[in-house]
Every structure is written in structure tokens, then in C-alpha cells.
2 protein chains.
Amino acid sequence: MAVSMDDDVPLILTLDESGSNTSAPNEELDREDLPNENGGSYDIVNDVSSPATGDYHSQQRSARHNWEMNYQEAAIYLQEGENNDKFFTHPKNAKALAAYLFVHNHLFYLMELITALLLLLLSLCEAPAVPILRLGIYIHATLELFALVVVVFELSMKMRWMGFYTYIRHKRTMVKTCVLLVQFVEAIVVLVRQTSHVRITRALRCIFLVDCRYCGAVRRNLRQIFQSLPPFIDILLLLLFFMVIFAILGFYLFSSNHSDPYFNTLENSLVNLFVLLTTSNFPDVMMPSYSRNPWSCVFFIVYLSIELYFIMNLLLAVVFDTFSDIEKRKFKSLLLHKRTAIQHAYRLLVSKQRPSGISFKQFEGLMRFYKPRMCARERYLTFKALNQNNTALVSLKDFYNFYEVVGLKWKAKRNREHWFDDLPRTAFLIFKGINILVKSRAFQYAMYTVVAVNGIWILIQTFMLQDGNFFPRDVPWSYIVFLTIYGVELLLKTTGLGPIEYLSSGWNLFDFSVTLFAFLGLLALAFNMEPFYFIVVLRPLQLLRLFKLKKRYRNVLDTMFELFPRMASLGLTLLIFYYSFAIVGMEFFSGVVYPNCCNTSTVADAYRWVNHTVGNKTVVEEGYYYLNNFDNILNSFVTLFELTVVNDWYIIMEGVTSQTSHWSRLYFMIFYIVTMVVMTIIVAFILEAFVFRMNYTRKNQGSEEDNGIVLEKEISKEEMASVIELYRRNYAASETAPLQKVIAQMDKYEQTSMLFLGRRSRTKSDLSMKMYEEEIQEWYEEHSRKEEYPWQDVFPSGSHMLSSGLRQRSQTVI
Amino acid sequence: MAVSMDDDVPLILTLDESGSNTSAPNEELDREDLPNENGGSYDIVNDVSSPATGDYHSQQRSARHNWEMNYQEAAIYLQEGENNDKFFTHPKNAKALAAYLFVHNHLFYLMELITALLLLLLSLCEAPAVPILRLGIYIHATLELFALVVVVFELSMKMRWMGFYTYIRHKRTMVKTCVLLVQFVEAIVVLVRQTSHVRITRALRCIFLVDCRYCGAVRRNLRQIFQSLPPFIDILLLLLFFMVIFAILGFYLFSSNHSDPYFNTLENSLVNLFVLLTTSNFPDVMMPSYSRNPWSCVFFIVYLSIELYFIMNLLLAVVFDTFSDIEKRKFKSLLLHKRTAIQHAYRLLVSKQRPSGISFKQFEGLMRFYKPRMCARERYLTFKALNQNNTALVSLKDFYNFYEVVGLKWKAKRNREHWFDDLPRTAFLIFKGINILVKSRAFQYAMYTVVAVNGIWILIQTFMLQDGNFFPRDVPWSYIVFLTIYGVELLLKTTGLGPIEYLSSGWNLFDFSVTLFAFLGLLALAFNMEPFYFIVVLRPLQLLRLFKLKKRYRNVLDTMFELFPRMASLGLTLLIFYYSFAIVGMEFFSGVVYPNCCNTSTVADAYRWVNHTVGNKTVVEEGYYYLNNFDNILNSFVTLFELTVVNDWYIIMEGVTSQTSHWSRLYFMIFYIVTMVVMTIIVAFILEAFVFRMNYTRKNQGSEEDNGIVLEKEISKEEMASVIELYRRNYAASETAPLQKVIAQMDKYEQTSMLFLGRRSRTKSDLSMKMYEEEIQEWYEEHSRKEEYPWQDVFPSGSHMLSSGLRQRSQTVI
């Protein structure tokens, strides 16, 4: 069978170069290219007549079916590349594919997330519960069982997708399965016994959250933390070693002083030096010996200099170094993983007839699976953006840019500069005036002055208020004046720039929301809605605008916004640690501290609650520390935060210890070390991110202001028409609507072509690409040497299990 | 006059290449090359007969005199390059030169240092003095005046050297002069009034120390701190800004709670949020509002997250970034400065006849001024090391390595491997056996085991001691056993390796001193010398040896030792800040805190001292904080250290504030910010140093273990003889002694040549040279473009003021 060498998309593209040949929706177009994948080796011309059996139509159907399979698998490869899923979990047959598609789905992800959250939130209701959320054991155990059943369902789907063997090899999933089993047994035991036993294993519930698809960032953080651990532990040992030496020394030196409770035993000596490492008992631990002999301060100064100022910083240095190194290696492996994914996908998309590239038709087929929501116009623009040589086919080299290009949002380049260009002359002039006004420096500086005056005003006003009457019945006139100014500014800017342009700037969005809040605060004041008074208090935030004035602040705040998602994921990671520790803390220490609980300990004062009468007045002497307890999960979180901040944490530790055993200290010390790890990582992360960015700006000093990635592509009317033709023949007519609209627009403005702008914000990966430009080339070369590419020449057979497996199956059906 | 083109050193060198021509101590040799510097332009052949007047001998004398002048000035240039002294302070005439030589002199430096220390130490004796060091006003004021007169003398010498105009332009010196004037006037006023007034200006005494030649590192640190300030201040403003916003917010939210003393006024609100930034009042500041409404913890958590965990780390990031940048720029400017110095020196050393390089004779003349202590053998080796092409002359390109080569310590490469090679056969075998033993892994690991067992032993022993009787009359047997083992090890190693090789390793030195201390401790125990018992306590330090086992620790500890000088200078810088703050603190707060001073304040408990009787026992309740005072300079230092550690610093602040005015808080807050700057710099420094080193090791992974810089040079007997000949003719015969010894040694071993090894430890500058290899070339090119080199072609006339000035003078004398 001779398959036609014609293809619809190439027709258009060559036409684009050679002249006018739009016509010819020829019959031949229905004959498809054969996908370059039939489980065999690959041949360009000699192979055209090979599968000569069967009638033409069934063969055509089969070819189309094969293509669909290939599209889907290529899309899956690209998704795997994007999500950094390893290829060994790639679905291998039709059953696996069905499960894969079922599992990789926002609905399923959401279910995963909700189940995990439900399981985590259960600890609000399980004893020791938050009072108002307490539920009966029946209820919460049943809820838990229900959630666990859902997890079982999720895991069985996953097993179906991965296959048993891969499932067993997948470590995270195996851990999850084990935890699931334990939880299941325990939940049933609780239901049977009608009482909660010591369930420390609840601390492991976090794994369900960590395993969620949406928590990929958390997983990465955890991996990074674990990778940074070995050097961290090394330095930690050095730290502990010095601590032991100093503890022995301190014991020998100070235990003869009987008024010194800190060094009377070796254990106390050790514990107090550990606490001293956190500085949290500092001058106190020195005082008894200092009052005896002033020179004893040397011991403490030397200890702190070595431990706190040297080794702790060393810890940071080592972690920071490891961290930067890991970041780079991670970037490298991600980049190469994506590259491999693209190679896999490319191999599935090239046709037998045209092995040197992907035609638009194939690309369209791919995008139909990869990004079903993308409209036809955007697909075509993406294809054009990939296609740098403007030929009919996208080569592998061009296709490597897939991930960079696919995220672009395309918009027609407006001919009109402002939103009001189409308005009548008078209106135009007015708006043009406003536009010039709001863009003028004078206006901006005037606004800065207003903001500054407002800030000082608020400060003075607050300073004058010394009594409790903060919220007068009448709204103060200054409030109204400033709010009016801000309102006018907002109005001018919105009209001058157009609402869309106005709100596209982060700073304007910030202004807008602060002004909105101020307005809501005004309403709250005017209508005396006390619970909303706090909004009034947010006014000083307006002052943040002043930081726009200086470049460094703009840089810092921009970086802050860029870092925000990553910071949030680090915060979530910390919360996961908190959760585990909170569960353990609740199981062991719930209810052990209460007012006046610790009167025999050294920290009695902090837990005191005395209600004594002086004269005829009742004076309450409160130490308040009994509030820092593990009585329910919310309290535990606050207590753990206090432990994280470190100051006076030993009071909490000693309080609990005095009520339980001295082994409790282990809990607090381990918690301190764990938060130290996480906090050091956070510091290292912030350092790394900022230093990276500053190096980046230093390296690209000459280049223009950073506005994200922008690409420009022109489409001619003829091209558009052919694309429409292609769609009309292959798919539903409805899909051509956006394309028709483009043509209509061209007609309206009497253009023969139209410019489109593709835009996306710059990611860390883009920056890294630019920073490591030279090294990346080396990596690529090394990679292709290792994997024995170039792809075009050798295709290892049988590696695309899915397509070939499905194809076999579909052939048996036919 | 035709000056001979012969020169003695070149003869030897060319001979080295061409064959045997050792003879000929010819008469011509006494005729010197003319220095290439007569205030005119320079010419190779045409100029040889120009100054044809005067008799031959006086001209020869004048030429020799000119050479001496040139040597001296070249040496001064090289010193200026090394010390990073700017060239505009270069001495310009004979008077200036005399002053310069007088000032640049270790005796003078020492005088400077002692005077500065005397002035600083005076504050131990001035009221408020350390009790046992109190001196009468007469005495200390007279001492001060004396020291100040010495400083006046120093400054007048400096002015003589620099000249009035340069002196005025030299900022540091001008500041010093002003401070000196003020101090002078004040000292006289004190002497006249017979009482000390509020002398805050004493805080400025530090400038005398900072200006010392020996405190160059401190000056560099200070410069670096000041250079890091602008970005630091920017971020600090951001920090303070958020603090103000939160203070207003906190005031509005919490001041209605009358049991909350932390937010009742805006000032309190601000102060407590400032303290909260240091975490030092953390759970306490939250407690009153938290006990009322648990959700109020959100305010504190948000505040701490933004301020402490984000902006403070940002501060570190910005400072770290600036710091690394400054380090690199500093390295660059130092490198270029040295290069310029070498160019200046080179120009003075080349002769008219041989403009393409420096002969050994000239080099010898230079070294006579630059390093008078260097022996003839080392000078010649240094010359050979510079002379990479092995020609007669050192070209400018070779001469650029001057600073790298001049620091090498030269030693003859031993033919014998061990110190005992020359011993009789039996002894040799015994020692060889010991040598193999101590170098074996088994022996090393056995020692590690012993050390570990010893460590565990000490720990258990200490743990078992619960009563006060730590130092039994009888020396414990375990002590003796372990000490014996260490002693035997020491003996074996010393004999096996030879004492010199043994002590050349830092680790062995450490072992040696710890064992020595243990031995001293044994003596102290055996003879019951109680004051030395603390030595016994140092035994656990032996455990540090275990850290040799792991590469990372070796790296870390090596880096630690490398960093030590720089860390010490940073510590000194911190102490200088301490000194200034201590003086100010003493002037304002001395004597304000005492037991029970602050019973009306919120921190009364910490200052309480109650002596009450319970039953028939006297119980002392002590808050101890009254010990943290500013009553004398030593107390002030301890107090300031406590403030640096930050924990509970607000107790000290509030105590002082309650006794003085609330403006006192400014002192404490400013101190906090200053130490924050210095501490951030210290952290940034440690970070930078470690990251740099780790990058370096990563970059040079393949290369051999780091043993410092090593260079090998061979000298033949004939060369040696000619050098001796040169010395004999020009200088005293005594100088040839080391050279004669070399020849004697060659004769003994019947060698015709001898190998020498030049060795020095690797400095940060060497590492930087390797790290920035490529950039350095760019810098050089840029530098030579800017300065309009190449030197060989254009010599700007009149830039060498000293030589030409002196030459003129000497010509008038002749």
C-alpha cells in the first residue's frame, strides 16, 4: 500500500513560504501517515508497502487508532517529564492505562487531598480534643475507618496502574501501605474497645498528606532535608562532643558551689549546657558561679563562642553549601529528565514517512491529550513558536523547547495603545490627559508624600491616644480625607490605564486591596460593627507603598513574592513535623501541666496562679506558663511554636519534666534539633535564593527590565484558513470557532496577518537555565553520550510498552 | 665612558647553560651598570657614553650610590605593595625617607601598640575603676598625658614622613589628630579640676589602637563592616517599618486588656516588639493576651514569621552577598596594587645596559633592604625561583611572582629519608621498626580505641561522682594507666618519626600538649596542688583526636585553623566596639543597679536580694541581676557580652531604665543593632570562608592532598662558587658562610649539584588566585590598558620622586 506523502499541515506551511496554494482539501488527506512505531525497526522508504493485507478502510482505522495511542502515550511521557515522575511507573498496558488516567486526574487528586486532610483533622476531635469539637469515639473512629477505606481504594488503583512489581519497588507507596495497615488495625481496635489507647502511630498520618499529588513541593523539601542530613549530623556530633567536654568541665568546676543548681549533677550540667546552646537560660546559668568568682564567666564565654558563634554558624555554612549543591544537581536531573521525556514523546510522534520532525497534525493530536483545554488557536501558535525554522516539521532540536513554550499565554497584539483609543475625540483627550497625569513622576511623588503624611499622622494619632477609647463614635475627619485621596487616585489610575492594565501590576493590586480594606474599615466604623474594627488597624499597611521608591526594596519584595510558594511549602513541611510532634506530645503530656502544678520545680514561678487579697483588692499573680500545654492539638501547635522560637523553652520543658519523668527532656531536645534542621534549611533556602538572584542581576546588569518571557509570532490569513480546514475535516466544527474569530478580526482591521504575543512569568528554572548556560551544554553532551543517543539513528525496540501492547490488543479486536 | 656589558651573575647563569667558564674575576666587574633612572628618558645603546664628565672613580661612587638609592626605594615600593599602603604616602625626599624608615620599624610599631594599649587600659584605673586597680586622679591623668605625648611624637614623625599636604589628606590620621587634641585638652582639664567629668570621648581612644600598624586586620574588618552598612541599613529600615506597623496594630488590639503590661502605650508596644524581635521576651509577651483570647497568638506568630524568620534572614543574605562581593573586589584591588608596586620596583632595578630584566646583583641589592635577615643562600634561591626561563635576567613577567616566591622557606632536600638513617645497623633496624609501627593503620586505630575508651571511662567516672569529693587523695589508677599509654605513644612517635617531623604536624602538636597537660595534672594531683586541679579537667580534650578519623572533620578543623587569625581579628573588632560602649555605659549607668534597686519595675524579681529566715534556717533569695552592671570596665564587658547573647537582655535594660530615664533604652537598642551588624558580618564571614573552601575542594577534586606551596630548585657547584665570588667582592666575607656550608655539604656527599625545596603554607590569596584564574587575566589586561602600560616602552618621568630627589642631593654633595 502506498501511503500518500501529503499531509495537511505541511501544505500550509510550505505555502507560507512558496506562495498561494490554499485550495485542495484533497481526498488523499484522509489517508494518514503511519506512526513510526510498530514494535519493529524503522525504515523510511522501503517500508511503505509492508502491511499489505486487510482492506483499506480497516487499515486506515487501525492507523488512526495507533496514532491516538501514540498521542496519548506521548502526552503521558510529557506529563511524567513535567512532574518528575520516574519512567518506571509508566503504564504498561491498557488496564494500567485506564487506571493511570483515573488516578491522574484533578478529581482524584482532590479526593486524595481531602482524605488526607480529614485524617489529619480527626486529631482535633479525638481525645484529647479541642473542647468544642469533641466527638464521640463511635463517630470519629467510623470517620477514620471511612477515610482509610478511601485510601485503600486509592492504593488499589495505584497498584492497578503500576503493576504489582513496580508497586512493591516504589518505596513511598510501600511505606504508605504499611502505615495504612497499622492505622486500620488500630482504628478497629479503638472501635471495639470503645476507648483510645496510646496511639503514637497517629503521628504517621502525615504520610497520607505528603503522598498527595498536590504536595509535591513538600516531598521535595523533605528529600532535600534528608539529603542535607549527613553533613548536618557530622557537625551536630562535633557540637555535642564539645558539649559533653564542657559538661564534664562545668561539673568539676561548679558543683562544689551548693547554691548553683545548674551543675550539681552531670545530667544537670549536660541539660543546662544544651539549653545554654539555645542561649535560653543564659545569664541565669552563669549567675551563681559568677557571683562567687567573677572569672567563672570565662567558662561561659568560651563555651558560647565555640558552640554558638562558631559551630552553629559552621552548621549553617555546611547546610548552605550542601543545599546550593543539591539545588544545582536537582535542576540538572530535572532538566535531563524532561529532555528524556521529550525524546520519548518525539519518538512516538514522528511518522514513518516523515521521520525528521513532527507535523502540526501530530502535534495537535498530542495537545488534545496533554492540554485538552487549550483552544485551537493557541495550539497552532504553540506549534509555530516551537517551529523555529518555519518549516513544515518540528525537529527534535526544536521540540526540546516544548516545556518552555507550552506555558505561554497567547494574546493578539493590540493595535491600540490604550483602552480608550476607540472613544470619541473629547473623551479620548480627557482620558489621554488622565493617562499622562497618572504616569507622571509628579503624581507618583505626590502620592508618596500623601502616604508618608498619612503614616506620620496615624503614628501621632495613636501616640496621643493613651486611654482605651480608640474607636470614637464619629469617624475621624483625617480618615475620611485620606481615604478620599486614595479613592480618587484609584479612580484616576483605573480610568487612565484601563482596569486590566491597572490590575495587572502587583503593586496596583496591593494599593487597590488596601484602599478597599480602608473603605470597609470606614463602613465598620460608621455602622459601629465592632468585630471588624481590626480592619481599621490595617491602614498603616498603605505605608508599604513607600518601599517602591528604592530599587533594592523593589528587588527584595519581588524576590519575596517569587519565593512565596516555596516558602509556603517549607512552612507546610514544618507543620507536618509539628503535627507528628504534637500527636506524640499529646499522647504523653496532655493534662500534665496546670496552674500551680510545678511548685516543687525550679520553674515554679512560671506556673503559679495565686489569687490573694491585698487590702480590699484581689490581686491575681499569674505565671501563665500552664497555658503552654499539650491538652489539645491547637494548644500543642502553639506550644511547639514557642519551642521553635526557643526563648524560655526550658521553662516548658522543666514544667513538663517535673510532672512526668526526666526522660521527657528527650522529647524536647529532639524537637529542638529537628526544628534546628528545618530552620537551618529555611535560612539556607532564603540565603540561596537571594544570593542566586543577586548573582543573576549582577550577571545580567546590562539587559532590560525583567518582564517575564515574551515571544512574538505572526500568523497570515492563509495559514489560518488552512488550519481551519484541517480542523473542519478532522474534528467537530465547534473547535474552529476561535480560529474563525481571528479571521473575522483580521477582516475587520483589513490585515493580511496578525501578531500574537505569548507571555509567561519567569520561573526559577528559566533563571537557572541562563545562569548555568555553559554547563548545561556539557550536561547535554554527557547525557546523550551516556544514553547512546542521537535518537534519530537508534530506537531501542520494545521500550514503549503501552503503545505496542495496546496496538496488539487493538489488532486482535479488529 | 664605555661601561662594560659584563656582569658577574649573568656570567654564572649563561655558563650554567653553555658549559664551563667559571674563572675570570675580572677587573671590569667593578664597573657597575648604570641604574636606569636619571630623571630622563631611557635608551639602550646610544646613551652609554652620555655623562662623560668627571673622573672615573667619583662617577663610579655616584653610580653605586644611585643603585643603593634605587634598591631602597624599590624595597619600599614592594613593602607598600605588600601592606596595601597607598603610593601617595610614598616618601618623597631624604628627610621623608629618614622619617619613613624610623616609622616603619618594629620597635616603632611596638611603641605605637603599647601606647594605645596603655591608653585603653587606663580605663581600668579611672573612676569607676576596678577596685583593686584604682589609681589616684593625679597618677592616671599623668599617665594619660604621657601616653598622649608619645602619640604626638608618633604623629609628628608621620607628618615628617608624609609631608603636611599628604598628612592633611590622610583621613584616618586626621581623625586620630582630632581625637588626640580632644583627649589632650580633657586630660589637662581633669588634672586641673582634680575630678573626672563625664568623659564619653574616652570611647574614642580605640582609634589609637585601630591605627596601629599591627592592627591592619582590624582596620580591614572595620572597612568591610562600613562597606556592608548601606544594604544592611536598607533592610533594617524594612524591619523597623514592619515593627512600627505591628506596634500600632498591637496597641489597638491589646491595650484594652488591662492585665497586659506589654501593650498599654505605644512606646511600650514598640519597645516590646523590638525585644520580641530578639525573641527574648517571647512567650511572656504573648501570655496575657493569649490567656484572654487564644487567637491572639496569630498576631505574634505572624510578626515573628515576618520579622524573625524572614527579614532577619534576608539581612543575613544581603550582608553575605555584599560580603562575598567585597571580598572579591578587595582581592582584586590588592592584587593590582601589588602588581603596580612590582612594576614600580622593577623600573628601579633594571639597568641602563640591560633593560630587559633584573640581574642577581640588583636583586641581591633589593633583598638587602627588603628582607635584611634573609641569608645569601636563600636570596639566590629566591632569585632562581623567580627566574623561570633560567636566563641571566629576571624579566618583568617573572618578577610579577615576587610576592608568591619571596615567602618560601628554603631547605636542602634531604637524601636521608629518616633521621636515623645514619645510625649503626642495629639501631637503624629498631628505629625503622618503630617507624613502620607508628605509621601503621593498626597502631593508629588502636590509639583511637584507647582514646574512645578513655572518654567513656571519664564520662562514667564523672557520672558516678555525685558528692563533692572529686579529687581523691590517691591518684586514680585509670588516670595513670591511660597517661602511661599516651606517654608510650608519644615516645614511640617521637623516636619513630624524629622530633622535628613529629612536631611539624598540627595534630601531633595537639596530642603532645594534651598529654603534657595530663602529666601536669597528675603532678598537681600527686602533690595536692589545688589551684591546678583544673588541668585534670582538661583530659577529655584528648577525645578531639577522634575527629581525625573522618575527612569532613579534618576539613572543618583545618579550615578552623586557617580561619583562626581572621576570627581573632574579628573578635578584636568586636572588643573595640565593646570598649566604646563600655565607656559610654560606665559614664551613664555606673552604680545605678544594686540589690533590690528595681522593686517598682516589672523586672523586680531579677534584682531582688532577700535574706529571710524560715524556721531557724536563713534562706537567701537572690535574683543576681544586680551583678550585670556597669560599675567598672570588666563588669561592663561581661554585661555587654550578655547583651550580645541577647537572651533576657531586656531584664538588664529594664533594670537600668527603671533607675534612670526611658531614654536609656536607646543605648541598649543601639548596642543591639551594632552587635547585630558585627555578628551578621561574622556569620557571613564564616559562611563565605567555608563555602569558598568547599567550592575550592570541589573544583580541585582530582588534585593531590593540600600540602602548601612547594617549589624545587637545583643549584650546581659552579653556580654556588660564582655567587660566593660575587659576595666576596662586594660584601663582607662573613655573608658567604651559608654558601660555603652548602659547598662543603656537596663535597661531603660528592654531588655536583644540590636540590632545594621552597615551602610555604597556602594562603587565602593563593586559593583565590586559583579560583578566579580566568578573571584575573581579564583584570590584568584591563589594568594595563588603564594605566597605559606596557612598562617597557613608556616610563612616566618624575614619578620616582625619592630617587631623583636624593640623586640630585647626592650630586650636589659630590
# chains A, B, ... in the order shown; residues from 1 in each chain; ligands from 1
>>> residues_around(residues="Ile235 of chain A", least_positions_apart="3", cutoff="12 Å", atoms="only C-alpha atoms", output="number ranges by chain")
A: 228-232, 238-242, 307, 310-319, 677; B: 547, 550, 552-557
>>> select_by_dssp(residues="segment 267-409 of chain B", states="strand (DSSP E or B)", output="number ranges by chain")
B: 351, 358, 394, 409
>>> select_by_dssp(residues="segment 531-689 of chain B", states="helix (DSSP H, G or I)", output="ChimeraX atom specification")
/B:531-537,539-549,551-589,604-607,625-627,633-645,649-659,664-689
>>> residues_around(residues="segment 284-296 of chain B", least_positions_apart="2", cutoff="8 Å", atoms="only C-alpha atoms", output="short mmCIF file (atom, residue, chain, number, x, y, z; two decimals) with all heavy atoms, in the first residue's frame")
data_model
loop_
_atom_site.label_atom_id
_atom_site.label_comp_id
_atom_site.auth_asym_id
_atom_site.auth_seq_id
_atom_site.Cartn_x
_atom_site.Cartn_y
_atom_site.Cartn_z
N TYR A 624 1.18 32.13 83.95
CA TYR A 624 0.67 31.90 82.58
C TYR A 624 1.23 30.66 81.88
O TYR A 624 0.69 30.23 80.88
CB TYR A 624 0.96 33.09 81.66
CG TYR A 624 0.14 34.32 81.96
CD1 TYR A 624 0.75 35.50 82.34
CD2 TYR A 624 -1.26 34.29 81.83
CE1 TYR A 624 0.01 36.65 82.58
CE2 TYR A 624 -1.99 35.44 82.07
CZ TYR A 624 -1.36 36.61 82.44
OH TYR A 624 -2.09 37.74 82.67
N TYR A 625 2.37 30.12 82.34
CA TYR A 625 3.00 29.07 81.53
C TYR A 625 2.19 27.80 81.45
O TYR A 625 2.42 26.97 80.59
CB TYR A 625 4.42 28.78 82.02
CG TYR A 625 5.43 29.66 81.33
CD1 TYR A 625 5.56 30.98 81.70
CD2 TYR A 625 6.20 29.18 80.29
CE1 TYR A 625 6.45 31.80 81.06
CE2 TYR A 625 7.09 30.00 79.64
CZ TYR A 625 7.22 31.31 80.03
OH TYR A 625 8.11 32.14 79.37
N LEU A 627 -0.48 27.64 80.37
CA LEU A 627 -1.22 27.71 79.10
C LEU A 627 -0.45 27.03 77.97
O LEU A 627 -1.02 26.68 76.94
CB LEU A 627 -1.46 29.17 78.72
CG LEU A 627 -2.47 29.92 79.58
CD1 LEU A 627 -2.41 31.41 79.25
CD2 LEU A 627 -3.87 29.39 79.33
N PHE B 254 -4.45 45.09 71.80
CA PHE B 254 -4.27 44.53 73.14
C PHE B 254 -4.33 45.54 74.27
O PHE B 254 -4.35 45.14 75.43
CB PHE B 254 -2.93 43.79 73.23
CG PHE B 254 -2.76 42.73 72.19
CD1 PHE B 254 -1.63 42.69 71.38
CD2 PHE B 254 -3.73 41.75 72.01
CE1 PHE B 254 -1.48 41.71 70.42
CE2 PHE B 254 -3.59 40.77 71.05
CZ PHE B 254 -2.46 40.75 70.25
N ASN B 257 -6.80 45.34 77.18
CA ASN B 257 -6.61 44.33 78.22
C ASN B 257 -5.73 44.93 79.32
O ASN B 257 -4.54 45.12 79.13
CB ASN B 257 -5.94 43.10 77.57
CG ASN B 257 -5.68 42.01 78.57
OD1 ASN B 257 -5.91 42.17 79.77
ND2 ASN B 257 -5.18 40.89 78.07
N SER B 259 -4.68 43.77 82.05
CA SER B 259 -3.69 42.90 82.69
C SER B 259 -2.49 42.68 81.77
O SER B 259 -1.61 41.89 82.07
CB SER B 259 -4.32 41.56 83.06
OG SER B 259 -4.70 40.87 81.88
N ASP B 260 -2.48 43.38 80.66
CA ASP B 260 -1.38 43.22 79.70
C ASP B 260 -0.47 44.44 79.77
O ASP B 260 -0.78 45.50 79.24
CB ASP B 260 -1.98 43.10 78.29
CG ASP B 260 -0.92 42.73 77.27
OD1 ASP B 260 0.28 42.91 77.55
OD2 ASP B 260 -1.29 42.23 76.19
N TYR B 262 2.31 44.88 78.39
CA TYR B 262 3.25 45.00 77.28
C TYR B 262 2.78 45.95 76.19
O TYR B 262 3.57 46.44 75.42
CB TYR B 262 3.51 43.62 76.66
CG TYR B 262 4.14 42.64 77.61
CD1 TYR B 262 3.39 41.66 78.22
CD2 TYR B 262 5.49 42.73 77.91
CE1 TYR B 262 3.97 40.76 79.10
CE2 TYR B 262 6.08 41.84 78.79
CZ TYR B 262 5.31 40.85 79.38
OH TYR B 262 5.89 39.97 80.26
N ASN B 272 8.46 46.55 73.30
CA ASN B 272 8.28 45.11 73.47
C ASN B 272 8.35 44.36 72.16
O ASN B 272 8.80 43.21 72.13
CB ASN B 272 6.98 44.81 74.20
CG ASN B 272 7.12 45.10 75.67
OD1 ASN B 272 8.04 44.59 76.30
ND2 ASN B 272 6.26 45.95 76.21
N LEU B 276 10.85 41.58 71.28
CA LEU B 276 10.33 40.33 70.72
C LEU B 276 11.13 39.91 69.48
O LEU B 276 11.32 38.72 69.22
CB LEU B 276 8.85 40.50 70.34
CG LEU B 276 8.16 39.28 69.76
CD1 LEU B 276 8.31 38.07 70.66
CD2 LEU B 276 6.69 39.54 69.51
N ASN B 281 11.69 38.06 75.02
CA ASN B 281 10.54 38.08 75.95
C ASN B 281 9.43 37.22 75.39
O ASN B 281 8.26 37.44 75.65
CB ASN B 281 10.04 39.52 76.16
CG ASN B 281 9.60 40.15 74.87
OD1 ASN B 281 9.73 39.56 73.80
ND2 ASN B 281 9.06 41.34 74.95
N PHE B 282 9.81 36.19 74.60
CA PHE B 282 8.74 35.65 73.79
C PHE B 282 7.53 35.05 74.48
O PHE B 282 6.52 35.69 74.48
CB PHE B 282 9.18 34.74 72.65
CG PHE B 282 7.95 34.15 71.96
CD1 PHE B 282 6.93 34.99 71.55
CD2 PHE B 282 7.81 32.80 71.78
CE1 PHE B 282 5.79 34.48 70.95
CE2 PHE B 282 6.66 32.30 71.18
CZ PHE B 282 5.65 33.13 70.76
N VAL B 298 -2.03 34.44 66.87
CA VAL B 298 -1.80 34.65 65.44
C VAL B 298 -0.97 35.90 65.20
O VAL B 298 -0.04 35.91 64.40
CB VAL B 298 -3.15 34.73 64.68
CG1 VAL B 298 -2.92 35.12 63.24
CG2 VAL B 298 -3.87 33.41 64.77
N PHE B 299 -1.29 36.95 65.93
CA PHE B 299 -0.54 38.21 65.81
C PHE B 299 0.95 37.97 66.01
O PHE B 299 1.79 38.40 65.21
CB PHE B 299 -1.07 39.20 66.85
CG PHE B 299 -0.30 40.48 66.96
CD1 PHE B 299 -0.55 41.53 66.09
CD2 PHE B 299 0.67 40.63 67.92
CE1 PHE B 299 0.17 42.72 66.19
CE2 PHE B 299 1.40 41.81 68.03
CZ PHE B 299 1.14 42.85 67.17
N PHE B 300 1.26 37.24 67.07
CA PHE B 300 2.68 37.03 67.39
C PHE B 300 3.36 36.09 66.40
O PHE B 300 4.51 36.28 66.04
CB PHE B 300 2.80 36.51 68.81
CG PHE B 300 2.31 37.49 69.83
CD1 PHE B 300 1.01 37.44 70.29
CD2 PHE B 300 3.13 38.51 70.27
CE1 PHE B 300 0.55 38.36 71.19
CE2 PHE B 300 2.67 39.44 71.18
CZ PHE B 300 1.37 39.38 71.63
#
>>> closest_residue(among="A:Thr166, A:Ser768, A:Asn268, A:Ser504", to="chain B", atoms="only C-alpha atoms")
A:Asn268
>>> atom_distance(atom1="atom CA of Ile430 of chain B", atom2="atom CA of Met447 of chain B")
20.9 Å
>>> closest_residue(among="A:Arg134, A:Lys764, A:Lys699, A:His783", to="Leu122 of chain A", atoms="only C-alpha atoms")
A:Arg134
>>> atom_distance(atom1="atom CA of Met669 of chain A", atom2="atom CA of Phe274 of chain A")
8.3 Å
>>> closest_residue(among="B:Phe331, B:Phe577, B:Phe323, B:Tyr252", to="chain A", atoms="only C-alpha atoms")
B:Tyr252
>>> atom_distance(atom1="atom CA of Asn508 of chain B", atom2="atom CA of Lys432 of chain B")
19.4 Å
